[in-house]
Every structure is written in structure tokens, then in C-alpha cells.
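Participant: First the structure, then my questions, so here it is.
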Amino acid sequence: MKSNNKNFDAIIIGSGIGGLVTASQLAAKGADVLVLEKYIIPGGSGGSFKRNGYTFDVGASMIFGFGDKGHTNLLTRALKDVNEKCETIPDPVQLEYHLPNNFNISVDKNYDHFIKKLSAAFPKEKEGIKKFYDTCASVFKCLDSMPLLSIEDPSYLFKVFFKSPISCLGLARWLPVNAGDVARKFIKDPELLKFIDIECFCWSVMPAIKTPMINAGMVFTDRHVGGINYPKGGVGTIAEKLVSGMEKLGGKIRYKSNVIEILLKDEKAVGVKLSNGEKIYSDIIVSNSTRWDTFGLKDKKKGLIARKNVPKSEYKWSETYNPSPSFVSIHLGVEKNLISNNFNCHHIIVDNWDELESEKGVIFVSIPTLLDSTLAPEGKHIIHAFTPSSMSEWEGLSRKEYLQKKEKYFSFLVKKISSIVPNIEEHIDHKEIGTPRTHKKFLGRYEGSYGPIPSQKLLGLLPMPFNTTKIKNLYCVGDSCFPGQGLNAVAFSGYACAHIIGSKLNINSFSLPD
């Protein structure tokens, strides 16, 4: 293939939500952007796929960031910035927990109801419960009072500090702190502390002691403020609308475009090379791949950057953070009459606290058709369940062994789901089974990982890298960057990345967002 000498303002590798927010924000600022996606649909783990009349979400269906007030509703704001909007369906309950020792509790949108229920379960910890979650709310208040852009930009920091000095100082206080430290300050009951662990684990895949307090404050409060709002038509609608908005503003996306190398010249990123040999040039390259895939870390295989050019800081990062486990996930179509209309949409099952971080230790269950019936054929429901599983469990298997193991995991998950939805095995209309190998292949993620987790307890978010890298003109975006995992978090990463690039291109607005 001949080289493409069209000089885009920015090339974004990958169309995960972080990459799409970066691209759409740059397009909204007037930049000429190109997104290169190796698969056939956008969204990555925030996408959807269709089978036999069903629309299945690739990843979790529990979505933050769709509120209509403040500054933390980043998905709402990102769509609005490109003149798009997702119709959403509010969920009155974030999660229903099914935990050891017959402890069941649901997290209502109403904050006071949830606090009262948890306090009734742990009456001796009533005061500590209120103090912990109120502290989370104070962190959220700081976040929600200021526009969330790049904290790498000194001029932005000066303007936002001038506008909200108290919030800035309050937020700075919590940057080096983890949620588990705060919980242990107010709470002593070991069972309740385990509950705080699963509260964190359900979205960070880490216990509270490793979960940054800023992230916890965001999630534990936004579910009661902005709430959990499901995008009508499936989670993939978010990515589709970001693409549509970006294209209307002149941005471009190419599917089946597998980037195999980031081109460097004079130690600067200058373009990309595709698997078909085509080269496309730009003075700004953004990788929405994981840092392991971008820099060829951990397994010593070639990344998008040639090994001789990988900065030492990236090797240090790979020692500080490990890839989290991947998942085995099943997508089921089942008879509608199995599930009552007042059943909660999202559930987590834990049988043994000691196995919280182990293979198959936690089971996540979502039934998104309780919110949006159009995702399934008439008379059917969708059940999506997944459990942590490491790539090492799935390597070195023959085709026969691989298929047999998939069926064993399928049977395990169906049995666990049956504890809250009895008799589903006899009423399954459709099934899909995905493993870490599936996630790696279709999502292009190192070992199919959900994202980085600290190799040891760290100082909150302080060690987390930002969007710029040591290679000039190369930026990273997504869950390998500040502030980490989750759609709203990677949306923040996208906002931050677009802002720091916009500063370089001199296309940012002088005034702060409303």
C-alpha cells in the first residue's frame, strides 16, 4: 500500500470510549481527526453486539455519567458537545448484593434509604457508616463543582483554582488516599469492611485498600445523585452516537484498520502503520490501546512502539501496576416469565469473602431487558453474567479442551445465577460464551484484562500516569491513564487528553466550561 500523506491533526488508535471522547472533543474544537479501529464496530468493552434478535452489551450494563447536573456527568456532556444525546432509562437500584452469611442488601438511588438499611444490618456501626459515606459525598462535591479537564495544563489549573479554590484544595487532600484507609478510620466491624471491599470491587476490581478515594467518592455518591441510567438501545449506543457526532463535525473513523506500529522520526511520533502496510501521518498520535499493548510491556512481545524506543518510565509503570484478571462472560436469552418485573437489574454474588480476589470468586449478573425490553425478542429477557478469570487458565489448551472448559464455566455460572433466578437452565433460548481469549482477540486488550491494578498498596491516584508520554507527540488515553477503570473514568481521560492536545494545537476555549 502507498503511504497516505494526508496530515490529520490527530490520529486516535482504537475506538473505546476514552478514544472516542478524545476524538469527538477534538472534532468539536475544530481539529481534523481520524480514528482507526481494528474491529467492525466502535466502543470496545463499551460496545454492543447483535445475535438472533438480541442486543447484548459487551461489558457491564451499570453505567455512571448520565446525570443532568454538575460536572461529573461526563457521558451526557461528551454527547452534548457533539450535538448528540442518548435517551436513558433510570434504574432505581444500583446493585443488589448476595453475600456470605445470608447478608443481602440493595443500594437504592435514595441515599438515606441505603444508609438506613446498612445501619440496620450493622447497628453498632451506624455512626461510622454515615461518616464514611458522607466523606465520599464530600469528595464528590469537590469533583462536581469544577469542570473536569486536564490537570496537566497549568493554565487550566490556575483558572479552575481561581474559580473554585476550596474544591481544589479539598480534592488535592484526597489524591494520595485510598478508600480502605478512610473506611478503617470510621468502621471496625470486619464484615462491614468486607462489604466496603465488594462495594469497590464491583467497579474497580480491587478491594477498598487499593481503590483510590477520589474514584470511590465519585461512584458511591453519583449513584445517588446522577443515578444509574441505562442508554436505550444498549450500551453500544453511546459509542455509536459519539461516532455520529464526530463525523458530522468532520471527523473520520475507519474500521478493519489494525495499527501494528507507531512511526517515529527524530524521537517523535509522526504516524502509524497498518497491518496492510499502509502508513498514515499526523503530528499527534493517541493510543487508546492499553499501555501493555502500546509499549510491549510484561510479555516482552513487540508493542506499537519499537522496543528500543520504549521509555524507562513505562517499564516502571508495568512494575507498579499489574493487569487485572479478565472475565468469562455468558450472554443468555431466556423466557421472560422466569423473572418478575420488580426484580432488580444488577446483582453481585459472593459465597466466600476469602475468595473475593480469586478465580470465579465474584459473579456479576445483569438483566438489562428489565430496563429496556427492546433489547430482546418479544417474550424474552437477557441475562448477562461474568466472573473474573485469568488468561493463564486458558492458555495451552487444545481446541477440544478449550471448548470443554468453556462449557464447565458456563455450567458454573448458570448454577450461580440459579440461586437468584431458579430454573433458568431449562429455559435458555440463546447463549454466548466469552473467555479471556475472546476479550483479547476482539477487544485488543492485553490478556483480555479489565485494566491496571496496583501490584501493592499505592498512594491513591498519585502514581497513575496522565495522557502525555515521554515520546513527543504520543499520548495515551483510557483505563491505563488517570483516573482508571469504568466508562465515566475513561471519559474523563478522554476529556483530559483532548484538552492537553487542544492546548498544543491552540484550539481550546479560553473560558472554562459552564
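Chain labels follow the order of the C-alpha cells: the first chain is A, the next B, and so on; residue numbering restarts at 1 in every chain, and ligands are counted from 1 in their shown order.
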Applying 8 Å and only C-alpha atoms, which residues near region 288-291 of chain A remain after dropping the ones on its own chain fewer than 6 positions away? List them as a list in words.
Facilitator: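 Counting only C-alpha atoms, the residues come to Ile12, Ile13, Gly14, Ser15, Gly16, Gly18, Gly19, Leu297, Glu314, Gly444, Arg445, Tyr446, Gly451, Cys476, Val477, Gly478, Asp479 and Ser480 of chain A.
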Participant: Restricted to N, CA and C atoms, what would the selected residues look like written as a compact mmCIF listing (two decimals), in the first residue's frame?
Facilitator:
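Here's the written file part36.txt:
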# COMPACT_ATOMS: atom_id res chain seq x y z
N ILE A 12 -6.25 8.74 16.31
CA ILE A 12 -6.57 8.02 17.55
C ILE A 12 -6.62 6.54 17.22
N ILE A 13 -5.84 5.75 17.93
CA ILE A 13 -5.78 4.31 17.72
C ILE A 13 -6.76 3.64 18.67
N GLY A 14 -7.86 3.14 18.16
CA GLY A 14 -8.85 2.44 18.97
C GLY A 14 -10.07 3.30 19.24
N SER A 15 -11.25 2.68 19.21
CA SER A 15 -12.49 3.42 19.41
C SER A 15 -13.21 3.00 20.69
N GLY A 16 -12.43 2.75 21.74
CA GLY A 16 -13.05 2.63 23.06
C GLY A 16 -13.60 3.98 23.46
N GLY A 18 -12.79 6.03 25.78
CA GLY A 18 -11.74 7.03 26.00
C GLY A 18 -11.26 7.62 24.69
N GLY A 19 -11.02 6.76 23.70
CA GLY A 19 -10.57 7.23 22.40
C GLY A 19 -11.63 8.05 21.68
N LEU A 297 4.83 -4.18 26.95
CA LEU A 297 5.28 -4.46 28.32
C LEU A 297 4.88 -5.86 28.76
N GLU A 314 7.81 3.68 31.34
CA GLU A 314 6.75 2.71 31.05
C GLU A 314 7.06 1.36 31.69
N GLY A 444 -8.80 -6.36 21.75
CA GLY A 444 -7.42 -5.93 21.59
C GLY A 444 -6.78 -5.52 22.90
N ARG A 445 -7.13 -6.20 23.98
CA ARG A 445 -6.62 -5.84 25.30
C ARG A 445 -5.63 -6.89 25.79
N TYR A 446 -4.54 -6.44 26.37
CA TYR A 446 -3.51 -7.34 26.86
C TYR A 446 -4.11 -8.34 27.85
N GLY A 451 -8.20 -3.90 33.18
CA GLY A 451 -7.43 -2.68 33.38
C GLY A 451 -6.33 -2.88 34.41
N CYS A 476 -1.50 8.82 25.52
CA CYS A 476 -2.29 7.62 25.84
C CYS A 476 -3.62 8.07 26.44
N VAL A 477 -4.64 7.27 26.23
CA VAL A 477 -5.96 7.54 26.79
C VAL A 477 -6.62 6.22 27.14
N GLY A 478 -7.52 6.25 28.11
CA GLY A 478 -8.22 5.02 28.51
C GLY A 478 -7.93 4.65 29.93
N ASP A 479 -8.20 3.38 30.29
CA ASP A 479 -8.11 2.99 31.70
C ASP A 479 -6.68 2.75 32.18
N SER A 480 -5.68 2.83 31.27
CA SER A 480 -4.28 2.78 31.72
C SER A 480 -3.78 4.15 32.14
Participant: So what do you get for CA of His224 (chain A) versus CA of Lys109 (chain A), distance-wise?
Facilitator: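 Atom-to-atom, CA of His224 (chain A) to CA of Lys109 (chain A), that is 4.6 Å.
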Participant: Which residue gives the smallest distance to Lys38 (chain A) among A:Met218, A:Leu443, A:Val82, A:Ile228, with only C-alpha atoms counted?
Facilitator: A:Leu443
Participant: Enumerate the residues of region 146-363 of chain A with a DSSP assignment of strand (DSSP E), computed from the backbone, and present them as a ChimeraX atom specification.
Facilitator: /A:228-231,252-254,259-265,268-274,279-282,285-287,321-323,326-335,346-349,363
Participant: Let me make sure I understand: among A:His384, A:Ala137, A:Asn215, A:Gly227, which one has the smallest atom-to-atom distance to Pro483 (chain A) if we use only C-alpha atoms?
Facilitator: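 Distance minimum relative to Pro483 (chain A) lands on A:Asn215.
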Participant: Name all residues at most 7 Å from Met213 (chain A) (count only C-alpha atoms; drop same-chain ones fewer than 2 positions away) and give them as number ranges by chain.
Facilitator: A: 174, 177-179, 211, 215-217, 460
Participant: Which residues come within 10 Å of Ser275 (chain A), counting only C-alpha atoms, excluding same-chain residues fewer than 3 positions away, as a list in words?
Facilitator: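 Answer for this query is Lys38, Lys256, Ser257, Asn258, Val259, Ile260, Glu261, Glu278 and Lys279 of chain A.
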Participant: So, counting only C-alpha atoms, which residue among A:Val182, A:Leu75, A:Ile262, A:Ile129 is closest to Gln25 (chain A)?
Facilitator: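 Nearest candidate to Gln25 (chain A) out of A:Val182, A:Leu75, A:Ile262, A:Ile129: A:Leu75.
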Participant: Using DSSP on the backbone, list every residue of region 198-357 of chain A that comes out as helix (DSSP H, G or I), and give them as a PDB file with C-alpha atoms, in the first residue's frame.
Facilitator:
ATOM      1  CA  ILE A 198     -17.108  -5.542  47.451  1.00  0.00           C
ATOM      2  CA  GLU A 199     -18.589  -2.059  47.012  1.00  0.00           C
ATOM      3  CA  CYS A 200     -15.232  -1.089  45.489  1.00  0.00           C
ATOM      4  CA  PHE A 201     -14.529  -4.386  43.746  1.00  0.00           C
ATOM      5  CA  CYS A 202     -17.751  -4.298  41.720  1.00  0.00           C
ATOM      6  CA  TRP A 203     -16.358  -1.479  39.547  1.00  0.00           C
ATOM      7  CA  SER A 204     -12.611  -1.238  40.314  1.00  0.00           C
ATOM      8  CA  ALA A 208     -11.033  -0.860  49.181  1.00  0.00           C
ATOM      9  CA  ILE A 209      -7.450  -0.688  50.475  1.00  0.00           C
ATOM     10  CA  LYS A 210      -6.209  -0.395  46.856  1.00  0.00           C
ATOM     11  CA  MET A 213     -10.655   7.563  47.461  1.00  0.00           C
ATOM     12  CA  ILE A 214     -11.412  10.004  44.648  1.00  0.00           C
ATOM     13  CA  ASN A 215     -12.797   7.170  42.498  1.00  0.00           C
ATOM     14  CA  ALA A 216     -14.800   5.781  45.415  1.00  0.00           C
ATOM     15  CA  GLY A 217     -16.197   9.208  46.248  1.00  0.00           C
ATOM     16  CA  MET A 218     -17.305   9.584  42.659  1.00  0.00           C
ATOM     17  CA  VAL A 219     -19.069   6.227  42.376  1.00  0.00           C
ATOM     18  CA  PHE A 220     -20.532   5.944  45.882  1.00  0.00           C
ATOM     19  CA  THR A 221     -22.198   9.342  45.580  1.00  0.00           C
ATOM     20  CA  ASP A 222     -23.041   9.699  41.891  1.00  0.00           C
ATOM     21  CA  ARG A 223     -25.276   6.633  42.097  1.00  0.00           C
ATOM     22  CA  HIS A 224     -27.463   8.649  44.488  1.00  0.00           C
ATOM     23  CA  VAL A 225     -27.129  11.987  42.620  1.00  0.00           C
ATOM     24  CA  GLY A 236     -23.170   0.452  22.446  1.00  0.00           C
ATOM     25  CA  THR A 237     -25.462   3.384  21.640  1.00  0.00           C
ATOM     26  CA  ILE A 238     -23.038   5.676  23.495  1.00  0.00           C
ATOM     27  CA  ALA A 239     -20.166   4.834  21.141  1.00  0.00           C
ATOM     28  CA  GLU A 240     -22.406   4.955  18.069  1.00  0.00           C
ATOM     29  CA  LYS A 241     -23.627   8.443  18.921  1.00  0.00           C
ATOM     30  CA  LEU A 242     -20.126   9.709  19.704  1.00  0.00           C
ATOM     31  CA  VAL A 243     -19.048   8.461  16.283  1.00  0.00           C
ATOM     32  CA  SER A 244     -22.066  10.056  14.612  1.00  0.00           C
ATOM     33  CA  GLY A 245     -21.455  13.403  16.316  1.00  0.00           C
ATOM     34  CA  MET A 246     -17.753  13.320  15.484  1.00  0.00           C
ATOM     35  CA  GLU A 247     -18.434  12.520  11.813  1.00  0.00           C
ATOM     36  CA  LYS A 248     -20.943  15.359  11.481  1.00  0.00           C
ATOM     37  CA  ARG A 291      -0.080   0.650  27.918  1.00  0.00           C
ATOM     38  CA  TRP A 292       0.959  -3.026  27.807  1.00  0.00           C
ATOM     39  CA  ASP A 293      -0.102  -3.234  24.158  1.00  0.00           C
ATOM     40  CA  THR A 294       1.181   0.244  23.279  1.00  0.00           C
ATOM     41  CA  PHE A 295       4.684  -0.272  24.669  1.00  0.00           C
ATOM     42  CA  ARG A 307      11.364  -1.871  21.987  1.00  0.00           C
ATOM     43  CA  LYS A 308      14.459   0.300  21.603  1.00  0.00           C
ATOM     44  CA  ASN A 309      12.251   3.407  21.861  1.00  0.00           C
ATOM     45  CA  LYS A 312      12.046   3.590  31.013  1.00  0.00           C
ATOM     46  CA  SER A 313       9.073   5.180  32.785  1.00  0.00           C
ATOM     47  CA  GLU A 314       6.746   2.710  31.055  1.00  0.00           C
ATOM     48  CA  TYR A 315       8.711  -0.269  32.393  1.00  0.00           C
ATOM     49  CA  LYS A 316       8.498   1.289  35.838  1.00  0.00           C
ATOM     50  CA  TRP A 317       4.735   1.676  35.392  1.00  0.00           C
ATOM     51  CA  SER A 318       4.433  -2.006  34.465  1.00  0.00           C
ATOM     52  CA  GLU A 319       6.193  -2.901  37.717  1.00  0.00           C
ATOM     53  CA  THR A 320       3.845  -0.671  39.705  1.00  0.00           C
ATOM     54  CA  LYS A 336     -39.438 -13.696  30.117  1.00  0.00           C
ATOM     55  CA  ASN A 337     -41.802 -15.334  32.607  1.00  0.00           C
ATOM     56  CA  LEU A 338     -38.809 -16.586  34.648  1.00  0.00           C
ATOM     57  CA  TRP A 353     -15.117 -13.485  51.426  1.00  0.00           C
ATOM     58  CA  ASP A 354     -11.714 -15.205  51.331  1.00  0.00           C
ATOM     59  CA  GLU A 355     -12.162 -15.833  47.593  1.00  0.00           C
TER      60      GLU A 355
END
Participant: Work out how far apart CA of Asn83 (chain A) and CA of Ile40 (chain A) are and give it in Å to one decimal.
Facilitator: 24.0 Å
Participant: Can you tell me which residues surround Ser48 (chain A) at a distance of at most 8 Å, considering only C-alpha atoms, apart from same-chain residues fewer than 6 positions away, and format the answer as a PyMOL selection string?
Facilitator: chain A and resi 55-58+234-237
Participant: I need the residue nearest Pro190 (chain A) from this list: A:Tyr133, A:Phe122, A:Phe466, A:Phe64. Use only C-alpha atoms for the distance.
Facilitator: A:Phe122
Participant: Please provide as a ChimeraX atom specification all residues within 9 Å of Glu125 (chain A), with the sequence filter that same-chain residues fewer than 4 positions apart are discarded (counting only C-alpha atoms).
Facilitator: /A:119,129-130,186-189,192
Participant: Skip Lys29 (chain A) itself and residues of its chain fewer than 5 positions away, then list as a PyMOL selection string all residues within 12 Å of it, counting only C-alpha atoms.
Facilitator: chain A and resi 9+22-24+81-82+246+249-251+495+498-499+501-503+505-510
Participant: Per residue of region 387-482 of chain A within 10 Å of region 146-167 of chain A, what are the shortest atom pair and its distance in Å to one decimal, counting only C-alpha atoms, with rows by chain and residue number, as JSON lines?
Facilitator:
{"residue": "A:Phe466", "atom": "CA", "partner": "A:Glu152", "partner_atom": "CA", "distance": 7.4}
{"residue": "A:Asn467", "atom": "CA", "partner": "A:Glu152", "partner_atom": "CA", "distance": 8.3}
{"residue": "A:Thr468", "atom": "CA", "partner": "A:Glu152", "partner_atom": "CA", "distance": 8.4}
{"residue": "A:Phe482", "atom": "CA", "partner": "A:Ser150", "partner_atom": "CA", "distance": 9.9}
Participant: Can you spit out the residues from that selection as an mmCIF file, in the first residue's frame, using C-alpha atoms?
Facilitator:
data_model
loop_
_atom_site.group_PDB
_atom_site.id
_atom_site.type_symbol
_atom_site.label_atom_id
_atom_site.label_comp_id
_atom_site.auth_asym_id
_atom_site.auth_seq_id
_atom_site.Cartn_x
_atom_site.Cartn_y
_atom_site.Cartn_z
ATOM 1 C CA PHE A 466 -1.591 11.136 32.745
ATOM 2 C CA ASN A 467 -2.113 11.382 28.993
ATOM 3 C CA THR A 468 1.288 12.655 27.849
ATOM 4 C CA PHE A 482 -5.581 8.714 35.269
#
Participant: Could you check which of A:Gln485, A:Ile305, A:Leu397, A:His331 is closest to Ile433 (chain A), using only C-alpha atoms?
Facilitator: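 Nearest candidate to Ile433 (chain A) out of A:Gln485, A:Ile305, A:Leu397, A:His331: A:His331.
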Participant: Considering only C-alpha atoms, state which residue in the set A:Asp283, A:Glu96, A:Asp68, A:Glu407 is at the smallest distance from Leu474 (chain A).
Facilitator: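 Counting only C-alpha atoms, the residue closest to Leu474 (chain A) is A:Asp283.
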